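Below: the structure, in structure tokens.
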Amino acid sequence: MKALVLGGVAWDIVVYVDAFPRPRPQTVFAEGSNESVGSSGAGKAMNLSHLGVDVTLWALVGDDDAGRRIRREMSRRGVEFVGVVDPAGTTRHVNLMDQNGERISIFANAGSDHFDVDVASMAPVAADADLVSVTIANHCRPFLPMVREMGKPVWVDLHDYDGVNPHHDEFIESADHLLMSSVAMSGWRRFLEDRVATGTRVAICTHGASGASGLASDEGWVDLPAVPVPEIIDTNGAGDAFFAGFALSWHQGGRLAASMEAGAQAAAAAVQSPDLAPPPALA
């Protein structure tokens with residue numbers, strides 16, 4: 001299987017706290033911290049590579065120390081990285097994580113929102129891919145017409161979509177395979193039913209520690225619990241890992257329940273690692 005992931009990548013400082021601090025001036029003692037590659041595109045690419053998928057990641061990255069760290073980590077992870085230099089610098093996050101795995105993400109540098117993308121440069125990779133994942137960033141939006149015209153399966157992760165933000169509309173309409181989180185939308189079940197009724201092949205909603213729900217036009221609803229783990233180290237990347245495990249199984253002909261189980265197993269492995277994906281196997 002060959003996959004192309006379009007956007008995005010960041011350098012993250014993750015700070016672990018017992019509970020989120022109240023909004024007032026104070027000194028907070030963290031329980032620990034970690035620096036690593038972040039962002040959803042990187043998480044998907046790293047988890048797909050961990051599962052043995054031949055994956056290419058296209059993303060904006062700065063000509064700076066954070067960008068060089070990202071390039072080294074992508075190489076170490078076996079991801080073919082096409083990093084286009086962003087004059088605004090590498091996207092950087094500071095993530096506060098509490099003991100329940102909840103996150104406050106602070107964009108220390110947001111990078112470029114709009115960017116003059118050379119869409120044609122990725123046409124040969126897209127044409128050879130079995131799966132194309134398009135991140136819901138404005139600078140990834142120009143790739144949608146090309147991928148649709150090629151007839152490639154378009155995978156879109158809406159993350160914490162609230163059901164009304166117009167930013168997501170074009171990505172939703174383009175998606176053959178749709179994933180999202182239920183954190184910001186109580187009506188996620190009706191939303192996914194509407195999407196499948198209008199042609200989306202499969203739609204998944206993850207619920208964190210409560211598992212996931214999926215709908216396919218020929219299989220109906222499947223609700224699946226999360227896989228128990230002995231210790232949760234970091235929940236960053238869990239959704240991307242679920243995506244990777246599900247996508248690989250689905251591509252290989254897995255039915256909805258089996259593919260969701262593969263996604264849940266991949267997510268369980270990811271949360272036991274301080275990075276977005278489990279560490280690569282030693283050579």
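Each chain of the structure tokens is named A, B, ... in the order shown, its residues numbered from 1; ligands are numbered from 1 in display order.
For Ser121 (chain A), the list of residues within 12 Å, based on only C-alpha atoms and with local chain neighbours fewer than 4 positions off taken out, reads Trp58, Val82, Val84, Val117, Val125, Ala126, Ala127, Phe143 and Met146 of chain A.
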Could you write out, as a PDB file with N, CA, C and O atoms, in the first residue's frame, all the residues of region 27-178 of chain A that DSSP marks as strand (DSSP E or B)?
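The file below, states38.pdb, is the result:
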ATOM      1  N   GLY A  32       6.531  16.782  34.010  1.00  0.00           N
ATOM      2  CA  GLY A  32       7.482  16.357  32.996  1.00  0.00           C
ATOM      3  C   GLY A  32       7.224  17.086  31.703  1.00  0.00           C
ATOM      4  O   GLY A  32       6.253  17.848  31.580  1.00  0.00           O
ATOM      5  N   SER A  33       8.092  16.883  30.721  1.00  0.00           N
ATOM      6  CA  SER A  33       7.905  17.516  29.419  1.00  0.00           C
ATOM      7  C   SER A  33       8.594  16.679  28.354  1.00  0.00           C
ATOM      8  O   SER A  33       9.413  15.800  28.657  1.00  0.00           O
ATOM      9  N   ASN A  34       8.245  16.963  27.113  1.00  0.00           N
ATOM     10  CA  ASN A  34       8.799  16.212  25.993  1.00  0.00           C
ATOM     11  C   ASN A  34       8.774  17.099  24.753  1.00  0.00           C
ATOM     12  O   ASN A  34       7.839  17.886  24.560  1.00  0.00           O
ATOM     13  N   GLU A  35       9.792  17.008  23.923  1.00  0.00           N
ATOM     14  CA  GLU A  35       9.820  17.701  22.642  1.00  0.00           C
ATOM     15  C   GLU A  35       9.802  16.669  21.527  1.00  0.00           C
ATOM     16  O   GLU A  35      10.558  15.688  21.566  1.00  0.00           O
ATOM     17  N   SER A  36       8.934  16.879  20.552  1.00  0.00           N
ATOM     18  CA  SER A  36       8.815  15.896  19.474  1.00  0.00           C
ATOM     19  C   SER A  36       8.067  16.491  18.295  1.00  0.00           C
ATOM     20  O   SER A  36       7.536  17.596  18.363  1.00  0.00           O
ATOM     21  N   VAL A  37       8.018  15.740  17.224  1.00  0.00           N
ATOM     22  CA  VAL A  37       7.240  16.121  16.047  1.00  0.00           C
ATOM     23  C   VAL A  37       5.756  16.101  16.395  1.00  0.00           C
ATOM     24  O   VAL A  37       5.281  15.209  17.103  1.00  0.00           O
ATOM     25  N   GLY A  38       5.027  17.111  15.914  1.00  0.00           N
ATOM     26  CA  GLY A  38       3.604  17.178  16.157  1.00  0.00           C
ATOM     27  C   GLY A  38       2.823  17.444  14.886  1.00  0.00           C
ATOM     28  O   GLY A  38       3.386  17.532  13.796  1.00  0.00           O
ATOM     29  N   ASP A  54       4.102   2.328   2.737  1.00  0.00           N
ATOM     30  CA  ASP A  54       5.010   3.212   2.002  1.00  0.00           C
ATOM     31  C   ASP A  54       4.346   4.579   1.931  1.00  0.00           C
ATOM     32  O   ASP A  54       3.384   4.774   1.180  1.00  0.00           O
ATOM     33  N   VAL A  55       4.822   5.544   2.723  1.00  0.00           N
ATOM     34  CA  VAL A  55       4.097   6.805   2.875  1.00  0.00           C
ATOM     35  C   VAL A  55       4.975   8.008   2.550  1.00  0.00           C
ATOM     36  O   VAL A  55       6.154   8.062   2.901  1.00  0.00           O
ATOM     37  N   THR A  56       4.368   8.967   1.857  1.00  0.00           N
ATOM     38  CA  THR A  56       4.988  10.255   1.566  1.00  0.00           C
ATOM     39  C   THR A  56       4.194  11.335   2.284  1.00  0.00           C
ATOM     40  O   THR A  56       2.964  11.347   2.222  1.00  0.00           O
ATOM     41  N   LEU A  57       4.905  12.229   2.959  1.00  0.00           N
ATOM     42  CA  LEU A  57       4.282  13.356   3.645  1.00  0.00           C
ATOM     43  C   LEU A  57       4.738  14.650   2.991  1.00  0.00           C
ATOM     44  O   LEU A  57       5.938  14.932   2.923  1.00  0.00           O
ATOM     45  N   TRP A  58       3.780  15.435   2.493  1.00  0.00           N
ATOM     46  CA  TRP A  58       4.051  16.784   1.983  1.00  0.00           C
ATOM     47  C   TRP A  58       3.600  17.775   3.044  1.00  0.00           C
ATOM     48  O   TRP A  58       2.488  17.681   3.563  1.00  0.00           O
ATOM     49  N   ALA A  59       4.475  18.733   3.372  1.00  0.00           N
ATOM     50  CA  ALA A  59       4.099  19.709   4.392  1.00  0.00           C
ATOM     51  C   ALA A  59       5.000  20.929   4.305  1.00  0.00           C
ATOM     52  O   ALA A  59       6.111  20.880   3.756  1.00  0.00           O
ATOM     53  N   LEU A  60       4.521  22.041   4.852  1.00  0.00           N
ATOM     54  CA  LEU A  60       5.317  23.250   4.992  1.00  0.00           C
ATOM     55  C   LEU A  60       6.196  23.129   6.231  1.00  0.00           C
ATOM     56  O   LEU A  60       5.747  22.669   7.276  1.00  0.00           O
ATOM     57  N   VAL A  61       7.442  23.554   6.102  1.00  0.00           N
ATOM     58  CA  VAL A  61       8.372  23.479   7.221  1.00  0.00           C
ATOM     59  C   VAL A  61       9.376  24.613   7.083  1.00  0.00           C
ATOM     60  O   VAL A  61       9.743  25.003   5.968  1.00  0.00           O
ATOM     61  N   GLU A  80       8.930   9.299   3.610  1.00  0.00           N
ATOM     62  CA  GLU A  80       9.452  10.133   2.528  1.00  0.00           C
ATOM     63  C   GLU A  80       8.868  11.532   2.715  1.00  0.00           C
ATOM     64  O   GLU A  80       7.664  11.739   2.542  1.00  0.00           O
ATOM     65  N   PHE A  81       9.717  12.471   3.083  1.00  0.00           N
ATOM     66  CA  PHE A  81       9.237  13.794   3.460  1.00  0.00           C
ATOM     67  C   PHE A  81       9.527  14.805   2.368  1.00  0.00           C
ATOM     68  O   PHE A  81      10.674  15.017   1.984  1.00  0.00           O
ATOM     69  N   VAL A  82       8.461  15.437   1.870  1.00  0.00           N
ATOM     70  CA  VAL A  82       8.576  16.529   0.909  1.00  0.00           C
ATOM     71  C   VAL A  82       8.279  17.812   1.679  1.00  0.00           C
ATOM     72  O   VAL A  82       7.122  18.188   1.865  1.00  0.00           O
ATOM     73  N   GLY A  83       9.335  18.444   2.172  1.00  0.00           N
ATOM     74  CA  GLY A  83       9.173  19.641   2.983  1.00  0.00           C
ATOM     75  C   GLY A  83       9.378  20.892   2.164  1.00  0.00           C
ATOM     76  O   GLY A  83      10.477  21.148   1.665  1.00  0.00           O
ATOM     77  N   VAL A  84       8.316  21.657   1.999  1.00  0.00           N
ATOM     78  CA  VAL A  84       8.377  22.925   1.258  1.00  0.00           C
ATOM     79  C   VAL A  84       8.663  24.039   2.260  1.00  0.00           C
ATOM     80  O   VAL A  84       7.985  24.145   3.291  1.00  0.00           O
ATOM     81  N   VAL A  85       9.672  24.854   1.964  1.00  0.00           N
ATOM     82  CA  VAL A  85      10.109  25.857   2.925  1.00  0.00           C
ATOM     83  C   VAL A  85       9.052  26.946   3.096  1.00  0.00           C
ATOM     84  O   VAL A  85       8.619  27.580   2.125  1.00  0.00           O
ATOM     85  N   ARG A  92       4.966  25.690  15.424  1.00  0.00           N
ATOM     86  CA  ARG A  92       5.378  25.198  16.736  1.00  0.00           C
ATOM     87  C   ARG A  92       4.218  25.309  17.715  1.00  0.00           C
ATOM     88  O   ARG A  92       3.504  26.310  17.734  1.00  0.00           O
ATOM     89  N   HIS A  93       4.030  24.263  18.492  1.00  0.00           N
ATOM     90  CA  HIS A  93       2.974  24.216  19.508  1.00  0.00           C
ATOM     91  C   HIS A  93       3.586  24.028  20.887  1.00  0.00           C
ATOM     92  O   HIS A  93       4.605  23.368  21.031  1.00  0.00           O
ATOM     93  N   VAL A  94       2.921  24.588  21.876  1.00  0.00           N
ATOM     94  CA  VAL A  94       3.161  24.230  23.270  1.00  0.00           C
ATOM     95  C   VAL A  94       1.871  23.589  23.774  1.00  0.00           C
ATOM     96  O   VAL A  94       0.822  24.244  23.822  1.00  0.00           O
ATOM     97  N   ASN A  95       1.939  22.308  24.089  1.00  0.00           N
ATOM     98  CA  ASN A  95       0.757  21.559  24.501  1.00  0.00           C
ATOM     99  C   ASN A  95       0.796  21.279  25.996  1.00  0.00           C
ATOM    100  O   ASN A  95       1.756  20.683  26.501  1.00  0.00           O
ATOM    101  N   LEU A  96      -0.242  21.713  26.705  1.00  0.00           N
ATOM    102  CA  LEU A  96      -0.419  21.335  28.097  1.00  0.00           C
ATOM    103  C   LEU A  96      -1.313  20.100  28.140  1.00  0.00           C
ATOM    104  O   LEU A  96      -2.407  20.095  27.579  1.00  0.00           O
ATOM    105  N   MET A  97      -0.842  19.046  28.816  1.00  0.00           N
ATOM    106  CA  MET A  97      -1.595  17.798  28.925  1.00  0.00           C
ATOM    107  C   MET A  97      -1.876  17.522  30.392  1.00  0.00           C
ATOM    108  O   MET A  97      -0.954  17.521  31.222  1.00  0.00           O
ATOM    109  N   ARG A 103      -6.062  18.206  26.447  1.00  0.00           N
ATOM    110  CA  ARG A 103      -4.978  19.035  25.928  1.00  0.00           C
ATOM    111  C   ARG A 103      -5.415  20.477  25.735  1.00  0.00           C
ATOM    112  O   ARG A 103      -6.515  20.757  25.260  1.00  0.00           O
ATOM    113  N   ILE A 104      -4.524  21.391  26.083  1.00  0.00           N
ATOM    114  CA  ILE A 104      -4.617  22.783  25.663  1.00  0.00           C
ATOM    115  C   ILE A 104      -3.435  23.026  24.744  1.00  0.00           C
ATOM    116  O   ILE A 104      -2.283  22.870  25.151  1.00  0.00           O
ATOM    117  N   SER A 105      -3.709  23.370  23.497  1.00  0.00           N
ATOM    118  CA  SER A 105      -2.647  23.560  22.515  1.00  0.00           C
ATOM    119  C   SER A 105      -2.474  25.045  22.219  1.00  0.00           C
ATOM    120  O   SER A 105      -3.419  25.722  21.814  1.00  0.00           O
ATOM    121  N   ILE A 106      -1.264  25.543  22.450  1.00  0.00           N
ATOM    122  CA  ILE A 106      -0.934  26.942  22.200  1.00  0.00           C
ATOM    123  C   ILE A 106      -0.051  27.010  20.958  1.00  0.00           C
ATOM    124  O   ILE A 106       1.006  26.372  20.898  1.00  0.00           O
ATOM    125  N   PHE A 107      -0.489  27.762  19.962  1.00  0.00           N
ATOM    126  CA  PHE A 107       0.309  27.919  18.749  1.00  0.00           C
ATOM    127  C   PHE A 107       1.378  28.979  18.996  1.00  0.00           C
ATOM    128  O   PHE A 107       1.104  30.174  18.947  1.00  0.00           O
ATOM    129  N   ALA A 108       2.603  28.536  19.261  1.00  0.00           N
ATOM    130  CA  ALA A 108       3.706  29.468  19.448  1.00  0.00           C
ATOM    131  C   ALA A 108       4.098  30.118  18.124  1.00  0.00           C
ATOM    132  O   ALA A 108       4.531  31.263  18.092  1.00  0.00           O
ATOM    133  N   ASN A 109       3.935  29.367  17.039  1.00  0.00           N
ATOM    134  CA  ASN A 109       4.096  29.907  15.688  1.00  0.00           C
ATOM    135  C   ASN A 109       3.140  29.148  14.779  1.00  0.00           C
ATOM    136  O   ASN A 109       3.227  27.925  14.671  1.00  0.00           O
ATOM    137  N   LEU A 131      -3.998   5.730  -1.312  1.00  0.00           N
ATOM    138  CA  LEU A 131      -4.748   6.524  -0.340  1.00  0.00           C
ATOM    139  C   LEU A 131      -4.163   7.923  -0.307  1.00  0.00           C
ATOM    140  O   LEU A 131      -2.947   8.087  -0.296  1.00  0.00           O
ATOM    141  N   VAL A 132      -5.040   8.931  -0.322  1.00  0.00           N
ATOM    142  CA  VAL A 132      -4.590  10.308  -0.180  1.00  0.00           C
ATOM    143  C   VAL A 132      -5.343  10.944   0.982  1.00  0.00           C
ATOM    144  O   VAL A 132      -6.568  11.010   0.977  1.00  0.00           O
ATOM    145  N   SER A 133      -4.593  11.392   1.981  1.00  0.00           N
ATOM    146  CA  SER A 133      -5.168  12.079   3.136  1.00  0.00           C
ATOM    147  C   SER A 133      -4.881  13.566   2.996  1.00  0.00           C
ATOM    148  O   SER A 133      -3.724  13.964   2.827  1.00  0.00           O
ATOM    149  N   VAL A 134      -5.926  14.390   3.064  1.00  0.00           N
ATOM    150  CA  VAL A 134      -5.779  15.835   2.913  1.00  0.00           C
ATOM    151  C   VAL A 134      -6.124  16.496   4.245  1.00  0.00           C
ATOM    152  O   VAL A 134      -7.250  16.397   4.732  1.00  0.00           O
ATOM    153  N   VAL A 154     -10.213   9.926  -1.312  1.00  0.00           N
ATOM    154  CA  VAL A 154      -9.828  11.067  -0.483  1.00  0.00           C
ATOM    155  C   VAL A 154     -10.227  10.790   0.957  1.00  0.00           C
ATOM    156  O   VAL A 154     -11.395  10.530   1.261  1.00  0.00           O
ATOM    157  N   TRP A 155      -9.241  10.852   1.846  1.00  0.00           N
ATOM    158  CA  TRP A 155      -9.471  10.664   3.274  1.00  0.00           C
ATOM    159  C   TRP A 155      -9.331  12.010   3.972  1.00  0.00           C
ATOM    160  O   TRP A 155      -8.347  12.731   3.752  1.00  0.00           O
ATOM    161  N   VAL A 156     -10.303  12.345   4.808  1.00  0.00           N
ATOM    162  CA  VAL A 156     -10.296  13.621   5.519  1.00  0.00           C
ATOM    163  C   VAL A 156     -10.599  13.376   6.991  1.00  0.00           C
ATOM    164  O   VAL A 156     -11.557  12.667   7.325  1.00  0.00           O
ATOM    165  N   ASP A 157      -9.784  13.962   7.849  1.00  0.00           N
ATOM    166  CA  ASP A 157     -10.006  13.926   9.296  1.00  0.00           C
ATOM    167  C   ASP A 157     -10.447  15.317   9.732  1.00  0.00           C
ATOM    168  O   ASP A 157      -9.688  16.279   9.622  1.00  0.00           O
ATOM    169  N   HIS A 177     -13.825   9.128   2.493  1.00  0.00           N
ATOM    170  CA  HIS A 177     -13.662   8.489   3.795  1.00  0.00           C
ATOM    171  C   HIS A 177     -13.491   9.612   4.810  1.00  0.00           C
ATOM    172  O   HIS A 177     -12.597  10.443   4.683  1.00  0.00           O
ATOM    173  N   LEU A 178     -14.314   9.618   5.832  1.00  0.00           N
ATOM    174  CA  LEU A 178     -14.396  10.759   6.743  1.00  0.00           C
ATOM    175  C   LEU A 178     -14.211  10.293   8.185  1.00  0.00           C
ATOM    176  O   LEU A 178     -14.842   9.339   8.621  1.00  0.00           O
TER     177      LEU A 178
END
Selected residue, from A:Val53, A:Ile204, A:Met74, A:Ala197, that lies nearest to Ala10 (chain A) when counting only C-alpha atoms: A:Met74
Per-residue nearest contacts region 44-89 of chain A to region 223-245 of chain A, cut-off 9 Å, using only C-alpha atoms, as a Markdown table:
| residue | atom | partner | partner_atom | distance |
| --- | --- | --- | --- | --- |
| A:Lys44 | CA | A:Asp240 | CA | 4.8 |
| A:Ala45 | CA | A:Ala244 | CA | 8.0 |
| A:Met46 | CA | A:Ala241 | CA | 8.5 |
| A:Asn47 | CA | A:Ala241 | CA | 5.4 |
| A:Leu48 | CA | A:Ala244 | CA | 5.1 |
| A:Ser49 | CA | A:Ala244 | CA | 8.8 |
| A:Leu51 | CA | A:Gly245 | CA | 7.5 |
Print the selection's residues with C-alpha atoms to a file, as a CSV table (one decimal), in the first residue's frame.
chain,number,residue,atom,x,y,z
A,44,LYS,CA,-0.8,9.9,10.3
A,45,ALA,CA,2.4,9.5,8.2
A,46,MET,CA,4.4,8.2,11.2
A,47,ASN,CA,1.7,5.7,12.2
A,48,LEU,CA,1.2,4.5,8.6
A,49,SER,CA,4.9,4.0,8.3
A,51,LEU,CA,2.4,-0.3,10.2
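Closest approach to Gln99 (chain A) from the set A:Ala184, A:Ala137, A:Val147, A:Val17 is made by A:Val17, with distances taken over only C-alpha atoms.
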Quick one: residues within 8 Å of Met260 (chain A), only C-alpha atoms, excluding same-chain residues fewer than 2 positions away - as a list in words? Ala212, Gly214, Leu224, Phe242, Gly245, Phe246, Leu256, Ala257, Ala258, Ala262, Gly263 and Ala264 of chain A
Written file, previous selection with all heavy atoms, as a CSV table (one decimal), in the first residue's frame:
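Below you can see out_22.csv, which holds the result:
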chain,number,residue,atom,x,y,z
A,212,ALA,N,-15.1,4.3,19.7
A,212,ALA,CA,-15.4,4.9,18.4
A,212,ALA,C,-16.7,4.3,17.8
A,212,ALA,O,-17.1,3.2,18.2
A,212,ALA,CB,-14.3,4.6,17.4
A,214,GLY,N,-18.7,3.8,13.9
A,214,GLY,CA,-18.5,3.9,12.5
A,214,GLY,C,-19.7,3.5,11.7
A,214,GLY,O,-20.6,2.7,12.2
A,224,LEU,N,-17.6,0.5,19.0
A,224,LEU,CA,-16.5,-0.3,19.5
A,224,LEU,C,-15.9,0.4,20.7
A,224,LEU,O,-15.6,1.6,20.6
A,224,LEU,CB,-15.5,-0.4,18.4
A,224,LEU,CG,-14.4,-1.5,18.5
A,224,LEU,CD1,-15.0,-2.9,18.3
A,224,LEU,CD2,-13.3,-1.2,17.5
A,242,PHE,N,-5.4,5.7,15.1
A,242,PHE,CA,-6.6,5.0,14.8
A,242,PHE,C,-6.8,5.1,13.3
A,242,PHE,O,-7.2,4.1,12.6
A,242,PHE,CB,-7.8,5.6,15.5
A,242,PHE,CG,-9.1,5.0,15.3
A,242,PHE,CD1,-9.6,4.0,16.2
A,242,PHE,CD2,-9.8,5.2,14.1
A,242,PHE,CE1,-10.8,3.4,16.0
A,242,PHE,CE2,-11.0,4.6,13.9
A,242,PHE,CZ,-11.5,3.6,14.8
A,245,GLY,N,-4.4,2.6,11.4
A,245,GLY,CA,-4.8,1.3,11.6
A,245,GLY,C,-6.1,0.9,10.8
A,245,GLY,O,-6.2,-0.1,10.1
A,246,PHE,N,-7.0,1.8,10.9
A,246,PHE,CA,-8.3,1.6,10.2
A,246,PHE,C,-8.1,1.7,8.7
A,246,PHE,O,-8.5,0.8,7.9
A,246,PHE,CB,-9.3,2.7,10.5
A,246,PHE,CG,-10.6,2.6,9.8
A,246,PHE,CD1,-11.6,1.8,10.3
A,246,PHE,CD2,-10.8,3.2,8.6
A,246,PHE,CE1,-12.8,1.7,9.7
A,246,PHE,CE2,-12.0,3.1,7.9
A,246,PHE,CZ,-13.0,2.3,8.4
A,256,LEU,N,-16.0,-3.2,8.3
A,256,LEU,CA,-16.0,-2.1,9.1
A,256,LEU,C,-15.6,-2.4,10.6
A,256,LEU,O,-14.7,-1.8,11.1
A,256,LEU,CB,-17.4,-1.5,9.2
A,256,LEU,CG,-17.6,-0.2,10.0
A,256,LEU,CD1,-16.7,0.9,9.6
A,256,LEU,CD2,-19.1,0.3,10.0
A,257,ALA,N,-16.2,-3.5,11.2
A,257,ALA,CA,-15.8,-3.8,12.5
A,257,ALA,C,-14.4,-4.2,12.7
A,257,ALA,O,-13.7,-3.8,13.6
A,257,ALA,CB,-16.7,-4.9,13.0
A,258,ALA,N,-13.9,-5.0,11.7
A,258,ALA,CA,-12.5,-5.4,11.8
A,258,ALA,C,-11.5,-4.3,11.6
A,258,ALA,O,-10.5,-4.2,12.3
A,258,ALA,CB,-12.2,-6.5,10.7
A,262,ALA,N,-8.7,-2.7,14.2
A,262,ALA,CA,-7.4,-2.4,13.8
A,262,ALA,C,-7.0,-1.0,14.2
A,262,ALA,O,-5.9,-0.8,14.7
A,262,ALA,CB,-7.1,-2.7,12.3
A,263,GLY,N,-7.9,-0.1,14.0
A,263,GLY,CA,-7.7,1.3,14.4
A,263,GLY,C,-7.5,1.4,15.9
A,263,GLY,O,-6.6,2.2,16.4
A,264,ALA,N,-8.4,0.8,16.6
A,264,ALA,CA,-8.3,0.8,18.1
A,264,ALA,C,-7.0,0.2,18.6
A,264,ALA,O,-6.4,0.7,19.6
A,264,ALA,CB,-9.5,0.1,18.7
From a backbone DSSP assignment, name each residue in region 107-281 of chain A labelled helix (DSSP H, G or I), as number ranges by chain. A: 119-128, 138-140, 143-150, 166-174, 188-197, 208-210, 238-251, 256-270
Determine the nearest neighbour of Tyr16 (chain A) from the options A:Arg77, A:Pro274, A:Arg69, A:His207, counting only C-alpha atoms.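 When distances to Tyr16 (chain A) are compared using only C-alpha atoms, the smallest one comes from A:Pro274.
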At what distance in Å, to one decimal, does CA of Thr200 (chain A) lie from CA of Lys152 (chain A)?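 Computed distance, CA of Lys152 (chain A) to CA of Thr200 (chain A), equals 13.4 Å.
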Measuring between only C-alpha atoms, which one of A:Gly52, A:Gly67, A:Pro166, A:Gly208 shows the shortest distance to Met180 (chain A)? A:Gly208
